[in-house]
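Engineer: The file below is run-v4.cif, mmCIF, C-alpha atoms:
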data_data
loop_
_atom_site.label_atom_id
_atom_site.label_comp_id
_atom_site.auth_asym_id
_atom_site.auth_seq_id
_atom_site.Cartn_x
_atom_site.Cartn_y
_atom_site.Cartn_z
CA MET A 511 68.62 14.95 -4.40
CA SER A 512 65.41 12.90 -4.64
CA ARG A 513 66.79 10.56 -1.95
CA PHE A 514 67.33 13.53 0.34
CA ILE A 515 63.74 14.71 -0.24
CA ILE A 516 62.36 11.22 0.45
CA VAL A 517 64.36 10.93 3.69
CA LEU A 518 63.28 14.42 4.77
CA ALA A 519 59.62 13.71 3.95
CA SER A 520 59.80 10.40 5.86
CA ILE A 521 61.24 12.15 8.92
CA LEU A 522 58.53 14.82 8.77
CA VAL A 523 55.71 12.28 8.42
CA LEU A 524 57.03 9.85 11.03
CA SER A 525 57.74 12.58 13.54
CA GLY A 526 54.05 13.42 13.99
CA CYS A 527 53.57 12.12 17.51
CA VAL A 528 50.29 12.74 19.30
CA SER A 529 50.04 13.21 23.04
CA LEU A 530 46.63 13.23 24.67
CA ASN A 531 46.52 15.99 27.27
CA SER A 532 43.03 15.51 28.66
CA VAL A 533 39.75 13.69 28.04
CA SER A 534 36.37 14.35 29.63
CA LEU A 535 32.82 13.08 29.15
CA THR A 536 29.55 14.42 30.50
CA GLN A 537 26.30 12.57 31.24
CA VAL A 538 25.26 10.54 28.16
CA PRO A 539 21.56 10.83 27.18
CA HIS A 540 19.17 7.94 26.52
CA GLU A 541 18.38 9.26 23.03
CA ARG A 542 21.54 9.30 20.96
CA ASN A 543 20.33 10.11 17.46
CA ASN A 544 21.89 13.41 16.57
CA LEU A 545 25.65 13.32 17.08
CA ILE A 546 27.46 16.53 16.28
CA ASN A 547 31.18 17.14 16.10
CA ALA A 548 33.39 20.18 16.45
CA ALA A 549 37.12 20.73 16.42
CA ALA A 550 39.49 23.63 16.70
CA HIS A 551 43.24 23.83 16.45
CA ASP A 552 46.19 26.14 16.28
CA TRP A 553 49.80 25.78 15.13
CA LEU A 554 52.81 26.68 17.22
CA PHE A 555 56.37 27.15 16.05
CA LEU A 556 58.79 25.91 18.73
CA GLY A 557 55.88 25.82 21.15
CA PHE A 558 55.58 29.61 21.47
CA THR A 559 52.16 31.19 21.78
CA SER A 560 50.59 33.93 23.83
CA GLN A 561 46.95 32.77 23.84
CA ASN A 562 44.64 29.75 24.07
CA ASP A 563 41.68 31.34 22.29
CA PHE A 564 41.29 28.55 19.74
CA VAL A 565 39.30 26.58 22.38
CA ASP A 566 36.39 29.03 21.97
CA GLU A 567 36.03 28.07 18.29
CA ALA A 568 35.05 24.53 19.27
CA ILE A 569 32.45 25.81 21.74
CA ASN A 570 30.93 28.19 19.21
CA SER A 571 30.80 25.45 16.59
CA LEU A 572 28.98 23.11 19.02
CA LYS A 573 26.52 25.85 19.93
CA ASN A 574 25.81 26.73 16.32
CA GLN A 575 25.07 23.11 15.40
CA CYS A 576 22.47 22.77 18.15
CA LYS A 577 20.63 26.09 18.20
CA GLY A 578 17.66 26.05 20.56
CA GLY A 579 18.47 22.53 21.71
CA LYS A 580 20.21 20.73 24.52
CA LEU A 581 23.67 19.31 23.97
CA THR A 582 24.63 16.43 26.28
CA GLY A 583 27.09 13.54 26.38
CA ILE A 584 29.93 15.84 25.40
CA LEU A 585 33.23 14.08 24.85
CA THR A 586 36.14 16.52 24.89
CA LYS A 587 39.67 15.63 23.86
CA HIS A 588 42.62 17.96 24.10
CA GLN A 589 45.65 16.70 22.20
CA THR A 590 48.96 17.93 20.87
CA THR A 591 50.72 16.63 17.77
CA ALA A 592 54.45 17.28 17.54
CA TYR A 593 56.10 17.63 14.14
CA VAL A 594 59.64 18.85 13.52
CA LEU A 595 59.85 22.19 15.39
CA VAL A 596 56.09 22.66 14.93
CA PHE A 597 53.22 21.68 17.23
CA LYS A 598 49.52 21.34 16.51
CA ARG A 599 47.19 21.81 19.49
CA GLU A 600 43.66 20.52 19.06
CA VAL A 601 40.41 20.44 20.96
CA ILE A 602 38.00 17.86 19.56
CA ALA A 603 34.47 17.69 20.94
CA SER A 604 31.35 15.70 20.14
CA GLY A 605 27.93 15.53 21.73
CA TYR A 606 24.30 14.60 21.25
CA CYS A 607 21.89 17.37 20.31
CA HIS A 608 18.31 17.04 21.49
CA LYS A 609 15.66 19.45 20.27
CA ALA A 610 12.18 19.32 21.76
CA MET B 1167 75.27 43.74 34.18
CA GLN B 1168 74.76 43.22 30.45
CA LYS B 1169 74.20 39.53 31.19
CA ILE B 1170 71.41 40.33 33.67
CA VAL B 1171 69.70 42.74 31.24
CA SER B 1172 69.89 40.16 28.43
CA ILE B 1173 68.40 37.43 30.64
CA GLY B 1174 65.70 39.84 31.86
CA VAL B 1175 64.75 40.76 28.28
CA LEU B 1176 64.71 37.09 27.26
CA LEU B 1177 62.44 36.20 30.19
CA LEU B 1178 60.01 39.00 29.37
CA LEU B 1179 59.90 38.11 25.68
CA ALA B 1180 59.40 34.45 26.47
CA GLY B 1181 55.93 35.10 27.98
CA CYS B 1182 54.27 32.00 26.68
CA ALA B 1183 50.78 30.53 27.08
CA ARG B 1184 50.38 26.91 28.07
CA LEU B 1185 47.19 24.83 27.88
CA ASP B 1186 46.96 21.78 30.16
CA HIS B 1187 43.34 20.77 30.37
CA VAL B 1188 40.03 21.55 28.68
CA GLN B 1189 36.65 20.23 29.75
CA ILE B 1190 33.33 21.18 28.18
CA SER B 1191 30.03 20.45 29.91
CA ASP B 1192 26.47 20.19 28.58
CA ILE B 1193 25.11 23.22 26.73
CA ASP B 1194 21.41 23.94 27.10
CA GLN B 1195 20.11 26.51 24.62
CA SER B 1196 16.44 25.60 25.11
CA GLN B 1197 15.81 27.46 28.38
CA GLY B 1198 16.43 31.06 27.32
CA THR B 1199 19.03 33.54 26.18
CA LEU B 1200 22.63 32.72 27.02
CA SER B 1201 24.97 35.35 28.37
CA PRO B 1202 28.71 34.52 28.54
CA ILE B 1203 30.43 34.83 31.92
CA SER B 1204 33.95 33.99 33.02
CA VAL B 1205 36.06 33.64 36.15
CA LYS B 1206 39.84 33.43 36.15
CA VAL B 1207 42.08 32.85 39.17
CA SER B 1208 45.84 32.77 39.03
CA GLU B 1209 48.64 31.85 41.40
CA PHE B 1210 52.35 32.61 41.22
CA GLY B 1211 54.33 29.52 40.25
CA VAL B 1212 58.09 29.22 40.33
CA GLU B 1213 60.60 26.60 39.23
CA LEU B 1214 63.27 27.13 41.90
CA ALA B 1215 65.77 24.73 40.33
CA VAL B 1216 65.83 26.88 37.16
CA VAL B 1217 66.20 30.04 39.27
CA ALA B 1218 69.17 28.45 41.05
CA ASP B 1219 70.63 27.39 37.70
CA VAL B 1220 70.44 30.95 36.34
CA THR B 1221 71.91 32.27 39.60
CA SER B 1222 74.85 29.87 39.39
CA ARG B 1223 75.60 31.02 35.84
CA LEU B 1224 75.52 34.66 36.93
CA ALA B 1225 77.73 34.17 39.99
CA SER B 1226 81.31 35.32 39.49
CA ASN B 1227 82.77 33.54 42.53
CA GLN B 1228 83.55 29.85 41.87
CA ASN B 1229 82.66 28.79 45.43
CA THR B 1230 79.28 30.49 45.15
CA GLN B 1231 78.74 28.81 41.77
CA LYS B 1232 79.46 25.40 43.27
CA TYR B 1233 77.18 26.02 46.27
CA VAL B 1234 74.27 27.25 44.12
CA LYS B 1235 74.66 24.29 41.73
CA GLU B 1236 74.36 21.91 44.68
CA LEU B 1237 71.29 23.81 45.82
CA ARG B 1238 69.87 23.53 42.28
CA ASP B 1239 70.33 19.75 42.30
CA ILE B 1240 68.63 19.41 45.69
CA LEU B 1241 65.70 21.57 44.55
CA ALA B 1242 65.38 19.54 41.34
CA LEU B 1243 65.24 16.31 43.36
CA ILE B 1244 62.65 17.71 45.78
CA ASN B 1245 60.36 18.77 42.92
CA MET B 1246 60.81 15.62 40.85
CA GLY B 1247 57.69 13.71 39.80
CA PRO B 1248 54.48 14.13 37.83
CA ARG B 1249 52.89 17.56 38.02
CA THR B 1250 51.01 20.15 36.01
CA GLY B 1251 52.92 23.41 35.65
CA ASN B 1252 55.21 25.07 38.14
CA PRO B 1253 54.79 24.50 41.88
CA VAL B 1254 52.71 27.10 43.74
CA TYR B 1255 52.68 27.94 47.44
CA ASN B 1256 48.90 28.15 47.83
CA ASP B 1257 46.82 25.14 46.84
CA ASN B 1258 43.49 26.80 47.74
CA TYR B 1259 43.55 29.48 45.08
CA ALA B 1260 40.91 27.82 42.90
CA GLU B 1261 38.42 26.93 45.61
CA ASN B 1262 35.95 29.82 45.29
CA VAL B 1263 35.57 29.91 41.51
CA LEU B 1264 32.01 28.56 41.57
CA GLU B 1265 30.84 31.27 44.01
CA GLN B 1266 32.45 33.89 41.78
CA LEU B 1267 30.58 32.49 38.77
CA TYR B 1268 27.24 32.67 40.58
CA VAL B 1269 27.93 36.31 41.47
CA GLN B 1270 27.96 37.04 37.73
CA CYS B 1271 24.76 35.08 37.11
CA PRO B 1272 21.75 36.57 38.93
CA THR B 1273 19.34 33.85 37.76
CA GLY B 1274 21.66 31.14 39.14
CA LYS B 1275 21.14 29.00 36.03
CA LEU B 1276 24.47 28.04 34.50
CA THR B 1277 25.12 25.99 31.38
CA GLY B 1278 28.02 25.30 29.00
CA LEU B 1279 30.67 25.29 31.72
CA ARG B 1280 34.24 25.10 30.43
CA SER B 1281 36.99 24.25 32.91
CA ILE B 1282 40.33 25.34 31.56
CA ARG B 1283 43.70 24.84 33.23
CA GLU B 1284 46.33 27.03 31.61
CA ALA B 1285 49.34 29.18 32.44
CA LYS B 1286 51.40 32.14 31.35
CA SER B 1287 55.08 31.27 31.62
CA TYR B 1288 57.95 33.73 31.88
CA GLY B 1289 60.98 31.49 32.06
CA PRO B 1290 61.23 30.01 35.56
CA VAL B 1291 58.16 31.86 36.87
CA SER B 1292 54.56 31.56 35.74
CA GLY B 1293 50.99 32.45 36.45
CA GLU B 1294 49.21 29.16 37.04
CA ILE B 1295 45.67 29.86 35.89
CA VAL B 1296 42.32 28.16 36.44
CA ARG B 1297 39.60 29.59 34.18
CA LEU B 1298 35.90 28.80 34.26
CA ASP B 1299 33.85 30.06 31.34
CA ALA B 1300 30.11 29.49 31.28
CA TYR B 1301 26.78 30.78 30.01
CA CYS B 1302 24.21 32.27 32.32
CA ILE B 1303 20.65 31.45 31.24
CA LEU B 1304 18.71 34.73 31.44
#
Show me this structure written as structure tokens.

Structural biologist:
Amino acid sequence: MSRFIIVLASILVLSGCVSLNSVSLTQVPHERNNLINAAAHDWLFLGFTSQNDFVDEAINSLKNQCKGGKLTGILTKHQTTAYVLVFKREVIASGYCHKA
Amino acid sequence: MQKIVSIGVLLLLAGCARLDHVQISDIDQSQGTLSPISVKVSEFGVELAVVADVTSRLASNQNTQKYVKELRDILALINMGPRTGNPVYNDNYAENVLEQLYVQCPTGKLTGLRSIREAKSYGPVSGEIVRLDAYCIL
């Protein structure tokens, strides 16, 4: 029984394969002191979903961390991790916040 | 007939969102109040090889089945290669998105642009979507 659990756990862990869907970077500022990060994700079973709203969470998080400032040098990654029958979609963003 | 209804129901229920590309641009919150705006354009996409495959399964005549399967193989070969989503018949559908954004922003000052390439799939057909979200600085 324990052998079965170990094999199953190994399959589940090893099956997490990441594919990078897109990467983008905007103009990087001269002053790079205040790096902020944001990420948002959702889980899909068998790849079925009816919306892509989780992207907005990353934007809102970036905005909230740099209120009244200017956010530049934004690196955006969109990636998907495949587990057994389950997929994790992620948007990971980072940028430099400059407040006058 | 029951077969067609079942396939139709399956296709409708399979309406699935796909996300291909996300790009976030600089966000400037120091110039004024931000008002969210959005533009979405969509084009009909179709995977003809899958349509031919379904047709061949539905055909009762064996000769027709054979002919449609050959057609399916030819279509699959024609559309082989790297691509994003289903093929569309109009490659200009996303050209005026910037003008449409400016229409929604009277001050003309945009920030926080997000370029999103996504789709709604219904089996072999799909809506191939380009969405631009942004903030208008008021």

Engineer: If you count all atoms listed in the file, which residues fall within 7 Å of segment 1277-1291 of chain B, apart from same-chain ones fewer than 5 positions away, as a short mmCIF file (atom, residue, chain, number, x, y, z; two decimals) with C-alpha atoms, keeping the file's coordinate frame?

Structural biologist:
data_model
loop_
_atom_site.label_atom_id
_atom_site.label_comp_id
_atom_site.auth_asym_id
_atom_site.auth_seq_id
_atom_site.Cartn_x
_atom_site.Cartn_y
_atom_site.Cartn_z
CA LEU B 1177 62.44 36.20 30.19
CA LEU B 1178 60.01 39.00 29.37
CA ALA B 1180 59.40 34.45 26.47
CA GLY B 1181 55.93 35.10 27.98
CA CYS B 1182 54.27 32.00 26.68
CA ALA B 1183 50.78 30.53 27.08
CA ARG B 1184 50.38 26.91 28.07
CA LEU B 1185 47.19 24.83 27.88
CA ASP B 1186 46.96 21.78 30.16
CA HIS B 1187 43.34 20.77 30.37
CA VAL B 1188 40.03 21.55 28.68
CA GLN B 1189 36.65 20.23 29.75
CA ILE B 1190 33.33 21.18 28.18
CA SER B 1191 30.03 20.45 29.91
CA ASP B 1192 26.47 20.19 28.58
CA ILE B 1193 25.11 23.22 26.73
CA ASP B 1194 21.41 23.94 27.10
CA GLY B 1211 54.33 29.52 40.25
CA VAL B 1212 58.09 29.22 40.33
CA GLU B 1213 60.60 26.60 39.23
CA VAL B 1216 65.83 26.88 37.16
CA VAL B 1217 66.20 30.04 39.27
CA VAL B 1296 42.32 28.16 36.44
CA ARG B 1297 39.60 29.59 34.18
CA LEU B 1298 35.90 28.80 34.26
CA ASP B 1299 33.85 30.06 31.34
CA ALA B 1300 30.11 29.49 31.28
CA TYR B 1301 26.78 30.78 30.01
CA CYS B 1302 24.21 32.27 32.32
#

Engineer: For chain A, which residue among B:Val1234, B:Ile1295, B:Ile1244, B:Val1269 is the nearest when counting all atoms listed in the file?

Structural biologist: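 Ranking B:Val1234, B:Ile1295, B:Ile1244, B:Val1269 by distance to chain A, first place goes to B:Ile1295.
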
Engineer: Using only C-alpha atoms, which residue out of B:Thr1250, B:Leu1304, B:Ser1196, B:Thr1273 lies closest to chain A?

Structural biologist: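 Distance minimum relative to chain A lands on B:Ser1196.
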
Engineer: Restrict the calculation to all atoms listed in the file, then for each residue of chain A with any atom at most 9 Å from an atom of chain B give the closest atom pair and their distance in Å to one decimal, rows by chain and rising residue number, as a Markdown table.

Structural biologist:
| residue | atom | partner | partner_atom | distance |
| --- | --- | --- | --- | --- |
| A:Asn531 | CA | B:Asp1186 | CA | 6.5 |
| A:Ser532 | CA | B:His1187 | CA | 5.5 |
| A:Val533 | CA | B:Gln1189 | CA | 7.4 |
| A:Ser534 | CA | B:Gln1189 | CA | 5.9 |
| A:Leu535 | CA | B:Ser1191 | CA | 7.9 |
| A:Thr536 | CA | B:Ser1191 | CA | 6.1 |
| A:Gln537 | CA | B:Asp1192 | CA | 8.1 |
| A:Gly557 | CA | B:Cys1182 | CA | 8.4 |
| A:Phe558 | CA | B:Cys1182 | CA | 5.9 |
| A:Thr559 | CA | B:Cys1182 | CA | 5.4 |
| A:Ser560 | CA | B:Ala1183 | CA | 4.7 |
| A:Gln561 | CA | B:Ala1183 | CA | 5.5 |
| A:Asn562 | CA | B:Leu1185 | CA | 6.7 |
| A:Val565 | CA | B:Val1188 | CA | 8.1 |
| A:Ile569 | CA | B:Ile1190 | CA | 8.0 |
| A:Leu572 | CA | B:Ile1193 | CA | 8.6 |
| A:Lys573 | CA | B:Ile1193 | CA | 7.4 |
| A:Cys576 | CA | B:Gln1195 | CA | 7.8 |
| A:Lys577 | CA | B:Gln1195 | CA | 6.5 |
| A:Gly578 | CA | B:Ser1196 | CA | 4.7 |
| A:Gly579 | CA | B:Ser1196 | CA | 5.0 |
| A:Lys580 | CA | B:Asp1194 | CA | 4.3 |
| A:Leu581 | CA | B:Ile1193 | CA | 5.0 |
| A:Thr582 | CA | B:Asp1192 | CA | 4.8 |
| A:Gly583 | CA | B:Asp1192 | CA | 7.0 |
| A:Ile584 | CA | B:Asp1192 | CA | 6.4 |
| A:Leu585 | CA | B:Ile1190 | CA | 7.8 |
| A:Thr586 | CA | B:Gln1189 | CA | 6.1 |
| A:Lys587 | CA | B:Val1188 | CA | 7.6 |
| A:His588 | CA | B:Val1188 | CA | 6.4 |
| A:Arg599 | CA | B:Leu1185 | CA | 8.9 |
| A:Val601 | CA | B:Val1188 | CA | 7.8 |
| A:Ala603 | CA | B:Ile1190 | CA | 8.1 |
| A:Gly605 | CA | B:Asp1192 | CA | 8.4 |
| A:Lys609 | CA | B:Ser1196 | CA | 7.9 |
| A:Ala610 | CA | B:Ser1196 | CA | 8.3 |

Engineer: Apply the PyMOL selection byres ((chain A and resi 564) around 8) to the file shown and report the selected residues as an MDAnalysis selection string.

Structural biologist: chainID A and resid 550:552 562:563 565:568

Engineer: Now that the selection is made, can you save its residues with C-alpha atoms as a short mmCIF file (atom, residue, chain, number, x, y, z; two decimals), in the frame of the given file?

Structural biologist:
data_model
loop_
_atom_site.label_atom_id
_atom_site.label_comp_id
_atom_site.auth_asym_id
_atom_site.auth_seq_id
_atom_site.Cartn_x
_atom_site.Cartn_y
_atom_site.Cartn_z
CA ALA A 550 39.49 23.63 16.70
CA HIS A 551 43.24 23.83 16.45
CA ASP A 552 46.19 26.14 16.28
CA ASN A 562 44.64 29.75 24.07
CA ASP A 563 41.68 31.34 22.29
CA VAL A 565 39.30 26.58 22.38
CA ASP A 566 36.39 29.03 21.97
CA GLU A 567 36.03 28.07 18.29
CA ALA A 568 35.05 24.53 19.27
#

Engineer: Please indicate the distance in Å from atom CA of Leu1276 of chain B to atom CA of Asn1262 of chain B, rounded to one decimal place.

Structural biologist: 15.9 Å

Engineer: When the PyMOL selection byres ((chain B and resi 1235) around 10) is applied to the structure above, which residues does it catch, written out as a list in words?

Structural biologist: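 The output of the PyMOL selection byres ((chain B and resi 1235) around 10) on this file is Ala1215, Ala1218, Asp1219, Val1220, Thr1221, Ser1222, Arg1223, Asn1229, Thr1230, Gln1231, Lys1232, Tyr1233, Val1234, Glu1236, Leu1237, Arg1238, Asp1239, Ile1240 and Leu1241 of chain B.
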
Engineer: Selection in question (the file shown): the PyMOL selection byres ((chain B and resi 1253) around 10). Which residues does it include, as a ChimeraX atom specification?

Structural biologist: /B:1209-1214,1245,1249-1252,1254-1257,1291-1292,1294

Engineer: With a distance cut-off of 8 Å and all atoms listed in the file, select the neighbouring residues of Val528 of chain A, excluding the residue or stretch itself and same-chain residues fewer than 4 positions from it, and output the selection as JSON, numbers by chain.

Structural biologist: {"A": [589, 590, 591, 592]}

Engineer: Just give me the gap between atom CA of Ser1201 of chain B and atom CA of Ala549 of chain A in Å, one decimal is fine.

Structural biologist: 22.5 Å

Engineer: Set the distance at 9 Å and use all atoms listed in the file: which residues neighbour Glu541 of chain A once local chain neighbours fewer than 3 positions away are removed? I'd like the list as an MDAnalysis selection string.

Structural biologist: chainID A and resid 538 544 606 608

Engineer: Those same residues - C-alpha atoms - I'd like them written as an mmCIF file, keeping the file's coordinate frame.

Structural biologist:
data_model
loop_
_atom_site.group_PDB
_atom_site.id
_atom_site.type_symbol
_atom_site.label_atom_id
_atom_site.label_comp_id
_atom_site.auth_asym_id
_atom_site.auth_seq_id
_atom_site.Cartn_x
_atom_site.Cartn_y
_atom_site.Cartn_z
ATOM 1 C CA VAL A 538 25.260 10.540 28.160
ATOM 2 C CA ASN A 544 21.890 13.410 16.570
ATOM 3 C CA TYR A 606 24.300 14.600 21.250
ATOM 4 C CA HIS A 608 18.310 17.040 21.490
#

Engineer: By how many Å are atom CA of Asn543 of chain A and atom CA of Cys607 of chain A apart?

Structural biologist: 8.0 Å

Engineer: Can you list, as a list in words, every protein, DNA or RNA residue that comes within 6 Å of Val596 of chain A when you count all atoms listed in the file, leaving out same-chain residues fewer than 5 positions away?

Structural biologist: Leu554, Phe555 and Leu556 of chain A

Engineer: Any chance you could model N, CA and C atoms for segment 517-538 of chain A and send them as an mmCIF file, in the frame of the given file?

Structural biologist:
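Full text of part.cif as output:
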data_model
loop_
_atom_site.group_PDB
_atom_site.id
_atom_site.type_symbol
_atom_site.label_atom_id
_atom_site.label_comp_id
_atom_site.auth_asym_id
_atom_site.auth_seq_id
_atom_site.Cartn_x
_atom_site.Cartn_y
_atom_site.Cartn_z
ATOM 1 N N VAL A 517 63.965 11.091 2.274
ATOM 2 C CA VAL A 517 64.360 10.930 3.690
ATOM 3 C C VAL A 517 63.745 12.041 4.532
ATOM 4 N N LEU A 518 63.830 13.275 4.036
ATOM 5 C CA LEU A 518 63.280 14.420 4.770
ATOM 6 C C LEU A 518 61.777 14.279 4.962
ATOM 7 N N ALA A 519 61.078 13.881 3.873
ATOM 8 C CA ALA A 519 59.620 13.710 3.950
ATOM 9 C C ALA A 519 59.268 12.606 4.938
ATOM 10 N N SER A 520 60.056 11.510 4.925
ATOM 11 C CA SER A 520 59.800 10.400 5.860
ATOM 12 C C SER A 520 59.957 10.861 7.301
ATOM 13 N N ILE A 521 61.015 11.643 7.549
ATOM 14 C CA ILE A 521 61.240 12.150 8.920
ATOM 15 C C ILE A 521 60.069 13.018 9.351
ATOM 16 N N LEU A 522 59.635 13.900 8.427
ATOM 17 C CA LEU A 522 58.530 14.820 8.770
ATOM 18 C C LEU A 522 57.253 14.051 9.069
ATOM 19 N N VAL A 523 56.953 13.039 8.233
ATOM 20 C CA VAL A 523 55.710 12.280 8.420
ATOM 21 C C VAL A 523 55.779 11.433 9.691
ATOM 22 N N LEU A 524 56.903 10.745 9.875
ATOM 23 C CA LEU A 524 57.030 9.850 11.030
ATOM 24 C C LEU A 524 57.146 10.594 12.351
ATOM 25 N N SER A 525 57.530 11.851 12.283
ATOM 26 C CA SER A 525 57.740 12.580 13.540
ATOM 27 C C SER A 525 56.442 13.107 14.141
ATOM 28 N N GLY A 526 55.317 12.962 13.444
ATOM 29 C CA GLY A 526 54.050 13.420 13.990
ATOM 30 C C GLY A 526 53.598 12.531 15.130
ATOM 31 N N CYS A 527 53.905 12.931 16.335
ATOM 32 C CA CYS A 527 53.570 12.120 17.510
ATOM 33 C C CYS A 527 52.488 12.827 18.310
ATOM 34 N N VAL A 528 51.402 12.125 18.575
ATOM 35 C CA VAL A 528 50.290 12.740 19.300
ATOM 36 C C VAL A 528 50.394 12.441 20.790
ATOM 37 N N SER A 529 50.185 13.455 21.602
ATOM 38 C CA SER A 529 50.040 13.210 23.040
ATOM 39 C C SER A 529 48.660 13.710 23.452
ATOM 40 N N LEU A 530 47.986 12.891 24.225
ATOM 41 C CA LEU A 530 46.630 13.230 24.670
ATOM 42 C C LEU A 530 46.739 13.934 26.012
ATOM 43 N N ASN A 531 46.362 15.210 26.051
ATOM 44 C CA ASN A 531 46.520 15.990 27.270
ATOM 45 C C ASN A 531 45.386 15.772 28.253
ATOM 46 N N SER A 532 44.149 15.753 27.743
ATOM 47 C CA SER A 532 43.030 15.510 28.660
ATOM 48 C C SER A 532 41.814 14.986 27.896
ATOM 49 N N VAL A 533 40.991 14.231 28.598
ATOM 50 C CA VAL A 533 39.750 13.690 28.040
ATOM 51 C C VAL A 533 38.661 13.872 29.093
ATOM 52 N N SER A 534 37.482 14.276 28.674
ATOM 53 C CA SER A 534 36.370 14.350 29.630
ATOM 54 C C SER A 534 35.068 13.991 28.923
ATOM 55 N N LEU A 535 34.119 13.481 29.695
ATOM 56 C CA LEU A 535 32.820 13.080 29.150
ATOM 57 C C LEU A 535 31.731 13.469 30.141
ATOM 58 N N THR A 536 30.667 14.060 29.617
ATOM 59 C CA THR A 536 29.550 14.420 30.500
ATOM 60 C C THR A 536 28.450 13.366 30.383
ATOM 61 N N GLN A 537 27.411 13.536 31.179
ATOM 62 C CA GLN A 537 26.300 12.570 31.240
ATOM 63 C C GLN A 537 25.754 12.244 29.845
ATOM 64 N N VAL A 538 25.709 10.952 29.498
ATOM 65 C CA VAL A 538 25.260 10.540 28.160
ATOM 66 C C VAL A 538 23.740 10.335 28.164
#
